[in-house]
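One file, coords_3.txt, carrying compact mmCIF, C-alpha atoms:
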```txt
# COMPACT_ATOMS: atom_id res chain seq x y z
CA MET X 1 51.84 14.72 144.58
CA THR X 2 48.31 15.05 143.17
CA ASP X 3 47.42 15.89 139.60
CA ASN X 4 45.71 19.03 140.91
CA PHE X 5 48.92 20.20 142.48
CA GLU X 6 50.87 19.59 139.25
CA GLN X 7 48.20 21.38 137.23
CA GLU X 8 48.19 24.36 139.55
CA LEU X 9 51.99 24.50 139.50
CA ARG X 10 52.05 24.37 135.71
CA PHE X 11 49.51 27.18 135.54
CA LEU X 12 51.48 29.32 138.01
CA GLN X 13 54.73 28.73 136.14
CA LEU X 14 53.18 29.64 132.81
CA ARG X 15 51.71 32.76 134.38
CA PHE X 16 55.17 33.62 135.70
CA ILE X 17 56.82 33.18 132.29
CA GLY X 18 54.02 35.19 130.66
CA LYS X 19 54.54 38.06 133.07
CA ILE X 20 58.29 38.05 132.56
CA LEU X 21 57.79 38.14 128.78
CA ALA X 22 55.19 40.90 129.02
CA GLY X 23 57.57 42.99 131.13
CA PHE X 24 60.45 42.29 128.75
CA THR X 25 58.51 43.23 125.62
CA HIS X 26 57.20 46.37 127.29
CA GLU X 27 60.72 47.48 128.22
CA SER X 28 62.05 46.60 124.76
CA LYS X 29 59.31 48.61 123.11
CA ASN X 30 60.23 51.57 125.28
CA TYR X 31 63.87 51.37 124.20
CA LEU X 32 62.83 51.03 120.55
CA ALA X 33 60.47 53.98 120.90
CA ILE X 34 63.32 56.18 122.18
CA ILE X 35 65.61 54.98 119.38
CA LYS X 36 62.90 55.66 116.81
CA GLU X 37 62.20 59.18 118.11
CA SER X 38 65.92 59.95 118.30
CA ALA X 39 66.47 58.77 114.72
CA GLY X 40 63.39 60.75 113.66
CA LEU X 41 64.79 63.84 115.31
CA ILE X 42 68.06 63.53 113.38
CA ASP X 43 66.03 63.08 110.20
CA ASP X 44 63.98 66.21 110.98
CA MET X 45 67.11 68.23 111.72
CA ILE X 46 68.78 67.19 108.46
CA LYS X 47 65.63 67.96 106.47
CA LEU X 48 65.44 71.40 108.08
CA GLY X 49 69.04 71.96 106.99
CA LYS X 50 70.40 72.33 110.52
CA SER X 51 74.18 72.54 110.46
CA GLY X 52 77.10 74.13 112.25
CA GLU X 53 78.73 73.48 115.60
CA GLU X 54 75.51 73.60 117.63
CA ALA X 55 73.77 71.11 115.34
CA SER X 56 76.81 68.81 115.35
CA GLY X 57 76.78 68.83 119.16
CA GLN X 58 73.11 67.94 119.18
CA PHE X 59 73.62 65.18 116.61
CA LEU X 60 76.33 63.65 118.81
CA GLU X 61 74.10 63.89 121.88
CA ILE X 62 71.28 62.08 120.06
CA ILE X 63 73.66 59.43 118.72
CA HIS X 64 74.96 58.79 122.25
CA SER X 65 71.39 58.48 123.49
CA ILE X 66 70.70 55.89 120.77
CA GLU X 67 73.84 53.97 121.74
CA GLU X 68 72.79 54.04 125.40
CA GLN X 69 69.34 52.62 124.56
CA ILE X 70 70.93 49.88 122.46
CA GLU X 71 73.25 49.00 125.35
CA LYS X 72 70.32 48.87 127.78
CA SER X 73 68.31 46.64 125.42
CA THR X 74 71.31 44.37 124.85
CA GLY X 75 71.65 43.97 128.62
CA LEU X 76 67.99 43.06 128.95
CA PHE X 77 68.21 40.62 126.01
CA LYS X 78 71.20 38.97 127.71
CA PHE X 79 69.22 38.51 130.93
CA LEU X 80 66.20 37.09 129.08
CA ASN X 81 68.44 34.73 127.14
CA ARG X 82 70.08 33.44 130.33
CA PHE X 83 66.68 33.21 132.02
CA SER X 84 65.33 31.10 129.13
CA HIS X 85 68.34 28.76 129.07
CA ARG X 86 67.92 28.02 132.77
CA MET X 87 65.02 25.83 131.69
CA ASP X 88 67.20 23.69 129.40
CA THR X 89 67.85 21.19 132.17
CA GLN X 90 65.78 20.50 135.24
CA LEU X 91 68.71 20.38 137.65
CA SER X 92 72.06 22.10 137.52
CA ALA X 93 74.78 23.65 139.64
CA PHE X 94 74.23 27.39 139.75
CA ASN X 95 75.01 30.56 141.59
CA CYS X 96 71.96 32.05 143.26
CA ASN X 97 73.31 35.60 142.92
CA GLU X 98 73.38 35.30 139.13
CA ALA X 99 69.91 33.76 138.96
CA LEU X 100 68.53 36.49 141.22
CA GLU X 101 70.31 39.28 139.36
CA GLU X 102 68.73 38.30 136.06
CA LEU X 103 65.33 37.93 137.69
CA MET X 104 65.64 41.39 139.24
CA ALA X 105 66.51 42.92 135.85
CA LEU X 106 63.40 41.34 134.34
CA VAL X 107 61.13 42.26 137.26
CA ASN X 108 62.39 45.79 137.80
CA ARG X 109 59.65 47.28 135.66
CA PHE X 110 56.90 45.92 137.93
CA ALA X 111 58.54 47.57 140.94
CA ASN X 112 59.21 50.82 139.07
CA GLN X 113 55.55 51.16 138.29
CA LYS X 114 54.99 51.74 142.00
CA ARG X 115 58.24 53.60 142.47
CA ILE X 116 59.53 50.74 144.53
CA GLU X 117 63.27 50.26 144.44
CA LEU X 118 64.62 46.72 144.08
CA ALA X 119 67.96 46.56 145.85
CA LYS X 120 70.40 43.69 146.13
CA ASP X 121 72.59 42.77 149.06
CA PHE X 122 74.44 39.69 147.82
CA GLN X 123 77.14 37.75 149.62
CA GLN X 124 80.03 37.86 147.14
CA ASP X 125 81.54 34.40 147.74
CA LEU X 126 78.23 32.56 147.74
CA PRO X 127 78.71 28.79 147.17
CA GLN X 128 76.97 27.20 144.21
CA ILE X 129 73.93 25.07 144.87
CA TYR X 130 72.61 22.12 142.92
CA GLY X 131 68.97 22.43 142.09
CA ASN X 132 66.41 23.97 139.78
CA PRO X 133 67.23 27.66 139.24
CA SER X 134 64.02 28.30 137.29
CA MET X 135 62.00 27.11 140.25
CA ILE X 136 63.93 29.43 142.57
CA GLN X 137 63.30 32.34 140.21
CA PHE X 138 59.64 31.37 140.03
CA LEU X 139 59.33 31.32 143.82
CA VAL X 140 61.19 34.57 144.39
CA PHE X 141 59.16 36.26 141.63
CA SER X 142 55.90 35.05 143.19
CA PHE X 143 56.80 36.49 146.59
CA LEU X 144 58.20 39.68 145.07
CA GLU X 145 55.06 40.22 143.04
CA GLU X 146 52.89 39.84 146.12
CA ILE X 147 55.08 42.17 148.18
CA ILE X 148 55.02 44.79 145.41
CA LYS X 149 51.21 44.62 145.51
CA THR X 150 51.07 45.15 149.25
CA LEU X 151 53.86 47.70 149.60
CA ASP X 152 53.16 51.44 149.44
CA LYS X 153 54.73 53.72 146.82
CA ASN X 154 58.29 54.96 147.29
CA SER X 155 59.34 51.86 149.23
CA ARG X 156 62.22 49.45 148.84
CA ILE X 157 62.63 45.70 148.65
CA ILE X 158 66.02 44.22 149.46
CA ILE X 159 66.95 40.82 148.10
CA LYS X 160 69.69 39.46 150.25
CA THR X 161 71.78 36.33 149.91
CA GLY X 162 74.06 34.72 152.45
CA THR X 163 74.97 31.41 154.04
CA ALA X 164 73.96 29.82 157.32
CA ASN X 165 74.04 26.26 158.65
CA GLY X 166 75.21 24.76 155.37
CA SER X 167 72.49 26.49 153.38
CA VAL X 168 72.31 29.36 150.96
CA MET X 169 69.78 31.83 152.29
CA ILE X 170 67.69 34.10 150.08
CA LYS X 171 65.90 36.82 152.01
CA ILE X 172 63.25 39.16 150.65
CA ILE X 173 63.04 42.18 152.90
CA PRO X 174 60.40 44.85 152.26
CA GLU X 175 61.11 48.34 153.61
CA GLY X 176 58.23 50.79 153.72
CA ASN X 177 54.55 50.92 154.57
CA LEU X 178 52.58 47.76 153.99
CA LEU X 179 49.05 48.39 152.74
CA GLU X 180 45.99 46.52 153.93
CA VAL X 181 45.44 44.44 150.83
CA GLU X 182 43.38 41.30 150.85
CA ILE X 183 45.36 38.51 149.24
CA GLU X 184 43.31 35.97 147.31
CA LYS X 185 44.42 32.35 147.78
CA GLU X 186 44.17 31.77 144.03
CA GLU X 187 46.44 34.73 143.40
CA PHE X 188 49.00 33.70 145.97
CA PRO X 189 48.80 30.00 146.90
CA TYR X 190 51.33 30.04 149.74
CA GLU X 191 51.02 26.32 150.44
CA THR X 192 51.83 25.46 146.84
CA TYR X 193 54.96 27.62 146.96
CA ASN X 194 55.98 26.03 150.24
CA THR X 195 55.60 22.56 148.74
CA VAL X 196 57.70 23.58 145.74
CA LEU X 197 60.46 24.81 148.01
CA GLU X 198 60.33 21.61 150.06
CA ARG X 199 61.02 19.71 146.84
CA LEU X 200 64.16 21.81 146.53
CA ASN X 201 65.15 20.91 150.10
CA GLY X 202 64.20 24.35 151.31
CA LYS X 203 61.62 25.91 153.55
CA ILE X 204 59.91 29.29 153.52
CA THR X 205 60.42 31.06 156.81
CA PRO X 206 58.29 34.16 157.30
CA GLU X 207 59.83 36.58 159.79
CA ALA X 208 59.01 39.97 161.24
CA GLY X 209 55.25 39.43 161.24
CA ALA X 210 55.36 37.68 157.86
CA LYS X 211 56.93 40.74 156.23
CA THR X 212 60.31 39.17 155.51
CA PHE X 213 60.69 35.82 153.82
CA THR X 214 63.73 33.58 153.96
CA PHE X 215 64.35 30.71 151.58
CA PRO X 216 67.10 28.40 152.84
CA LEU X 217 68.51 26.07 150.19
CA LYS X 218 70.92 23.28 150.99
CA VAL X 219 74.40 23.59 149.58
CA SER X 220 75.16 20.24 148.02
CA ASP X 221 78.50 18.56 147.38
CA ILE X 222 79.11 19.40 143.78
CA MET S 1 47.25 73.67 112.20
CA SER S 2 49.85 75.42 114.32
CA HIS S 3 50.56 76.43 117.90
CA THR S 4 48.28 73.85 119.37
CA LYS S 5 49.28 73.59 123.02
CA VAL S 6 50.25 70.02 123.82
CA LEU S 7 51.07 68.51 127.20
CA LEU S 8 53.08 65.30 126.79
CA VAL S 9 53.10 63.05 129.86
CA ASP S 10 55.55 60.15 129.80
CA ASP S 11 58.05 58.88 132.35
CA GLU S 12 60.54 57.98 129.61
CA VAL S 13 62.29 61.35 129.71
CA GLU S 14 64.46 60.79 126.62
CA PHE S 15 61.49 59.64 124.59
CA ALA S 16 59.39 62.61 125.70
CA SER S 17 62.19 65.06 125.04
CA ALA S 18 62.89 63.79 121.48
CA LEU S 19 59.19 63.62 120.63
CA ALA S 20 58.57 67.09 122.07
CA GLU S 21 61.35 68.53 119.92
CA ARG S 22 59.96 66.84 116.81
CA LEU S 23 56.50 68.25 117.53
CA GLN S 24 57.96 71.71 118.18
CA MET S 25 59.64 71.56 114.76
CA ARG S 26 56.12 71.06 113.41
CA ASP S 27 54.88 74.20 115.19
CA TYR S 28 53.22 72.62 118.17
CA ASP S 29 53.73 74.30 121.52
CA VAL S 30 54.81 71.38 123.72
CA GLN S 31 55.40 70.95 127.45
CA THR S 32 56.52 67.66 128.97
CA ALA S 33 55.89 66.03 132.35
CA SER S 34 57.38 62.79 133.63
CA ASN S 35 54.89 62.08 136.41
CA GLY S 36 51.33 62.78 137.49
CA LEU S 37 52.07 65.60 139.90
CA GLU S 38 54.22 67.44 137.40
CA ALA S 39 51.52 66.95 134.76
CA MET S 40 48.79 68.41 136.96
CA ALA S 41 51.02 71.35 137.97
CA LEU S 42 51.71 72.17 134.30
CA PHE S 43 48.06 71.65 133.49
CA HIS S 44 47.00 74.25 136.07
CA GLY S 45 49.82 76.65 135.18
CA SER S 46 49.16 76.69 131.46
CA PRO S 47 46.17 74.61 130.35
CA PRO S 48 46.90 72.68 127.15
CA ASP S 49 44.59 72.01 124.21
CA ILE S 50 45.63 68.40 123.89
CA VAL S 51 47.19 65.97 126.36
CA ILE S 52 49.25 63.00 125.17
CA LEU S 53 49.24 60.65 128.11
CA ASP S 54 51.06 57.43 128.89
CA LEU S 55 48.64 55.59 131.18
CA ARG S 56 51.41 53.71 132.94
CA ILE S 57 53.38 56.44 134.60
CA PRO S 58 54.75 56.10 138.11
CA GLY S 59 53.38 58.12 141.00
CA MET S 60 49.79 58.58 139.87
CA ASP S 61 47.51 56.34 137.93
CA GLY S 62 47.29 57.60 134.35
CA LEU S 63 43.55 56.93 134.32
CA LYS S 64 43.18 59.17 137.35
CA ILE S 65 44.96 61.99 135.53
CA LEU S 66 42.71 61.47 132.53
CA LYS S 67 39.59 61.62 134.70
CA ASN S 68 40.87 64.73 136.54
CA ILE S 69 41.56 66.50 133.25
CA LYS S 70 38.10 65.68 131.93
CA ILE S 71 36.49 66.99 135.13
CA LEU S 72 38.51 70.22 135.02
CA ASP S 73 37.88 70.87 131.32
CA PRO S 74 35.91 68.32 129.29
CA THR S 75 36.84 70.06 126.02
CA ILE S 76 40.53 69.19 126.43
CA GLU S 77 41.19 66.12 124.31
CA VAL S 78 43.43 63.32 125.53
CA LEU S 79 45.42 60.93 123.38
CA ILE S 80 46.52 57.78 125.16
CA LEU S 81 50.06 56.67 124.52
CA THR S 82 50.64 52.99 125.06
CA GLY S 83 53.81 50.96 124.78
CA HIS S 84 52.27 47.55 124.86
CA GLY S 85 49.21 45.57 123.98
CA ASP S 86 47.42 46.63 127.12
CA VAL S 87 43.97 46.40 125.60
CA GLU S 88 42.17 46.64 128.94
CA SER S 89 43.68 49.92 130.07
CA VAL S 90 43.29 51.46 126.62
CA ALA S 91 39.63 50.42 126.62
CA GLU S 92 39.25 51.85 130.12
CA GLY S 93 40.89 55.08 128.95
CA MET S 94 38.56 55.37 125.98
CA LYS S 95 35.59 54.80 128.28
CA SER S 96 36.91 57.56 130.54
CA GLY S 97 36.78 60.06 127.70
CA ALA S 98 40.07 59.75 125.81
CA TYR S 99 39.82 60.88 122.18
CA GLU S 100 42.14 58.30 120.65
CA TYR S 101 45.13 56.11 121.40
CA ILE S 102 48.49 55.67 119.74
CA MET S 103 50.96 52.80 120.06
CA LYS S 104 54.67 53.12 120.76
CA PRO S 105 56.95 53.25 118.79
CA ILE S 106 54.90 56.01 117.22
CA ASP S 107 54.58 57.25 113.68
CA ILE S 108 55.01 61.03 113.79
CA GLY S 109 52.65 61.55 110.85
CA GLU S 110 49.95 59.48 112.53
CA LEU S 111 50.44 61.34 115.80
CA THR S 112 50.24 64.84 114.29
CA SER S 113 47.19 63.82 112.31
CA LYS S 114 45.49 62.62 115.53
CA ILE S 115 46.52 65.79 117.39
CA ASP S 116 45.03 67.93 114.61
CA MET S 117 41.78 65.95 114.58
CA ALA S 118 41.57 66.19 118.36
CA MET S 119 42.14 69.94 118.16
CA LYS S 120 39.30 70.28 115.63
CA LYS S 121 37.04 68.41 118.02
CA ARG S 122 38.11 70.67 120.89
CA ILE S 123 37.32 73.78 118.86
CA SER S 124 33.92 72.43 117.84
CA ASN S 125 33.16 71.45 121.44
CA ARG S 126 34.02 74.93 122.65
CA ASP S 127 31.85 76.70 120.02
```
Please express what this file holds, its structure, as structure tokens.
Amino acid sequence: MTDNFEQELRFLQLRFIGKILAGFTHESKNYLAIIKESAGLIDDMIKLGKSGEEASGQFLEIIHSIEEQIEKSTGLFKFLNRFSHRMDTQLSAFNCNEALEELMALVNRFANQKRIELAKDFQQDLPQIYGNPSMIQFLVFSFLEEIIKTLDKNSRIIIKTGTANGSVMIKIIPEGNLLEVEIEKEEFPYETYNTVLERLNGKITPEAGAKTFTFPLKVSDI
Amino acid sequence: MSHTKVLLVDDEVEFASALAERLQMRDYDVQTASNGLEAMALFHGSPPDIVILDLRIPGMDGLKILKNIKILDPTIEVLILTGHGDVESVAEGMKSGAYEYIMKPIDIGELTSKIDMAMKKRISNRD
């Protein structure tokens, strides 16, 4: 593989990690903003001398809202932590469903911005595969990002997993109107992604007029 | 300054609701909208003095709402609410006529001070 390819891949991976972190920090700030306003509201109520049954009910409501935000942030932190540790080793045995679930949690914000729903349709007893989970997440993110750009508002993207011919299949299925958007090669270097998947013993298979993408990954003997 | 009419546009409903209540306790008259269409409907139904606008709301581009508001009534002042270091969109918002911006998580004192300054500007623009 050429140095140019490696350089481009490194750039794309760094861009991917940057985007995931930007999305994560944005979401975290939102949770913190709600917690801060809720705490501020309790402070205001106490300073105004609000008391009695009605005030107690409102205090409890606000406290529950704070707890809910903390739970949501903890969930997101857990996903980011798992996502980061996937890079500890280059190759490992992993479950694609888990890797995709954490990616979806971290990418959800990008879809929400366009009111696009990210839905999962995972095969429950999916066999583990041996490979590079970070690379799989990188590839799926790259395709998802591009589909989000080209899909109209109020649409849906289904991420499906299954098995066929000794491979784990990851399918990205957009549902909704596709917009006429010109895709720059620099923004979405399809050939580079295809080469990356080939390294993982997979192959990108565009279906349905290139609207649905399938990533087959060999199940190895672990 | 009291009874300034504020329209708060943010898709984080719990955030908007808590902030609205805090502003109401400080004598501001606040309405909230969680998306662009709702914001424009409230805007037409009861025009506000000040709009606090999250630029990244689903459904309609926040910048588009800002531009629409400025076309409909240039004296209405808009404060941009931003939850991240999105320098580009804040800069774009300021170029499109926003009065100021405020970062999330917000400081209530800083926000009310900016609302009051924006209201003064609105009054002077109208006179």
Based on all atoms listed in the file, which of the residues in chain S come within 12 Å of chain X? I want them as a tab-separated table (two decimals) with C-alpha atoms, in the frame of the given file.
```tsv
chain	number	residue	atom	x	y	z
S	10	ASP	CA	55.55	60.15	129.80
S	11	ASP	CA	58.05	58.88	132.35
S	12	GLU	CA	60.54	57.98	129.61
S	13	VAL	CA	62.29	61.35	129.71
S	14	GLU	CA	64.46	60.79	126.62
S	15	PHE	CA	61.49	59.64	124.59
S	16	ALA	CA	59.39	62.61	125.70
S	17	SER	CA	62.19	65.06	125.04
S	18	ALA	CA	62.89	63.79	121.48
S	19	LEU	CA	59.19	63.62	120.63
S	20	ALA	CA	58.57	67.09	122.07
S	21	GLU	CA	61.35	68.53	119.92
S	22	ARG	CA	59.96	66.84	116.81
S	23	LEU	CA	56.50	68.25	117.53
S	24	GLN	CA	57.96	71.71	118.18
S	25	MET	CA	59.64	71.56	114.76
S	26	ARG	CA	56.12	71.06	113.41
S	35	ASN	CA	54.89	62.08	136.41
S	54	ASP	CA	51.06	57.43	128.89
S	55	LEU	CA	48.64	55.59	131.18
S	56	ARG	CA	51.41	53.71	132.94
S	57	ILE	CA	53.38	56.44	134.60
S	58	PRO	CA	54.75	56.10	138.11
S	59	GLY	CA	53.38	58.12	141.00
S	60	MET	CA	49.79	58.58	139.87
S	61	ASP	CA	47.51	56.34	137.93
S	62	GLY	CA	47.29	57.60	134.35
S	81	LEU	CA	50.06	56.67	124.52
S	82	THR	CA	50.64	52.99	125.06
S	83	GLY	CA	53.81	50.96	124.78
S	84	HIS	CA	52.27	47.55	124.86
S	85	GLY	CA	49.21	45.57	123.98
S	86	ASP	CA	47.42	46.63	127.12
S	103	MET	CA	50.96	52.80	120.06
S	104	LYS	CA	54.67	53.12	120.76
S	105	PRO	CA	56.95	53.25	118.79
S	106	ILE	CA	54.90	56.01	117.22
S	107	ASP	CA	54.58	57.25	113.68
S	108	ILE	CA	55.01	61.03	113.79
S	109	GLY	CA	52.65	61.55	110.85
```
What does the distance from CA of Ala119 in chain X to CA of Ile158 in chain X come to in Å, to one decimal? 4.7 Å
Provide the CA of Lys149 in chain X to CA of Lys64 in chain S distance in Å, to one decimal place.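 Calculated distance between CA of Lys149 in chain X and CA of Lys64 in chain S is 18.5 Å.
Using only C-alpha atoms for every distance, the candidate list X:Lys160, X:Leu179, X:Phe122, X:Met135 yields X:Leu179 as the residue closest to Ile148 in chain X.
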Pairwise distance for CA of Tyr101 in chain S and CA of Asn68 in chain S, rounded to one decimal in Å: 17.9 Å
Would you give the centre and edge lengths, in Å to one decimal, of a box along x, y and z around the listed atoms of range 95-100 of chain X, with 4 Å added to each side, as lines of an AutoDock Vina configuration file?
```
center_x = 71.8
center_y = 33.5
center_z = 141.1
size_x = 14.5
size_y = 13.9
size_z = 12.3
```
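For the choices X:Leu91, X:Ile63, X:Leu139, X:Ala164, the atom-to-atom distance to Glu191 in chain X is smallest for X:Leu139 when using all atoms listed in the file.
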Identify the residues around (40.7, 69.6, 137.6) within a radius of 12 Å, measuring from all atoms listed in the file in the coordinates stated by the file, and give them as a list in words. Ala39, Met40, Ala41, Leu42, Phe43, His44, Gly45, Pro47, Lys64, Ile65, Leu66, Lys67, Asn68, Ile69, Lys70, Ile71, Leu72, Asp73, Pro74 and Ile76 of chain S
Dig up all the protein and nucleic acid residues within 8 Å of (71.4, 22.6, 142.6) in the file frame, using all atoms listed in the file, and format them as a list in words.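 Output: Leu91, Ser92, Ala93, Phe94, Gln128, Ile129, Tyr130, Gly131, Asn132, Pro133, Val219 and Ser220 of chain X.
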Hey, which of S:Glu100, S:Asp49, S:Glu92, S:Asp27 ends up closest to Lys5 in chain S? Count all atoms listed in the file.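 Nearest candidate to Lys5 in chain S out of S:Glu100, S:Asp49, S:Glu92, S:Asp27: S:Asp49.
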Find the spatial neighbours of Gln31 in chain S, counting only C-alpha atoms, within a cut-off of 7 Å - ignore same-chain residues fewer than 6 positions away - and output them as a ChimeraX atom specification. /S:6-8
12 Å contact set for Val181 in chain X, all atoms listed in the file, chain neighbours under 2 positions out, as a PDB file with C-alpha atoms, in the coordinates of the input:
```
ATOM      1  CA  GLU X 146      52.890  39.840 146.120  1.00  0.00           C
ATOM      2  CA  ILE X 147      55.080  42.170 148.180  1.00  0.00           C
ATOM      3  CA  ILE X 148      55.020  44.790 145.410  1.00  0.00           C
ATOM      4  CA  LYS X 149      51.210  44.620 145.510  1.00  0.00           C
ATOM      5  CA  THR X 150      51.070  45.150 149.250  1.00  0.00           C
ATOM      6  CA  LEU X 151      53.860  47.700 149.600  1.00  0.00           C
ATOM      7  CA  ASP X 152      53.160  51.440 149.440  1.00  0.00           C
ATOM      8  CA  ASN X 177      54.550  50.920 154.570  1.00  0.00           C
ATOM      9  CA  LEU X 178      52.580  47.760 153.990  1.00  0.00           C
ATOM     10  CA  LEU X 179      49.050  48.390 152.740  1.00  0.00           C
ATOM     11  CA  ILE X 183      45.360  38.510 149.240  1.00  0.00           C
ATOM     12  CA  GLU X 184      43.310  35.970 147.310  1.00  0.00           C
TER      13      GLU X 184
END
```
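When only C-alpha atoms are used to compute distances to Glu102 in chain X, the closest of the residues X:Met87, X:Leu126, X:Leu14, X:Leu80 turns out to be X:Leu80.
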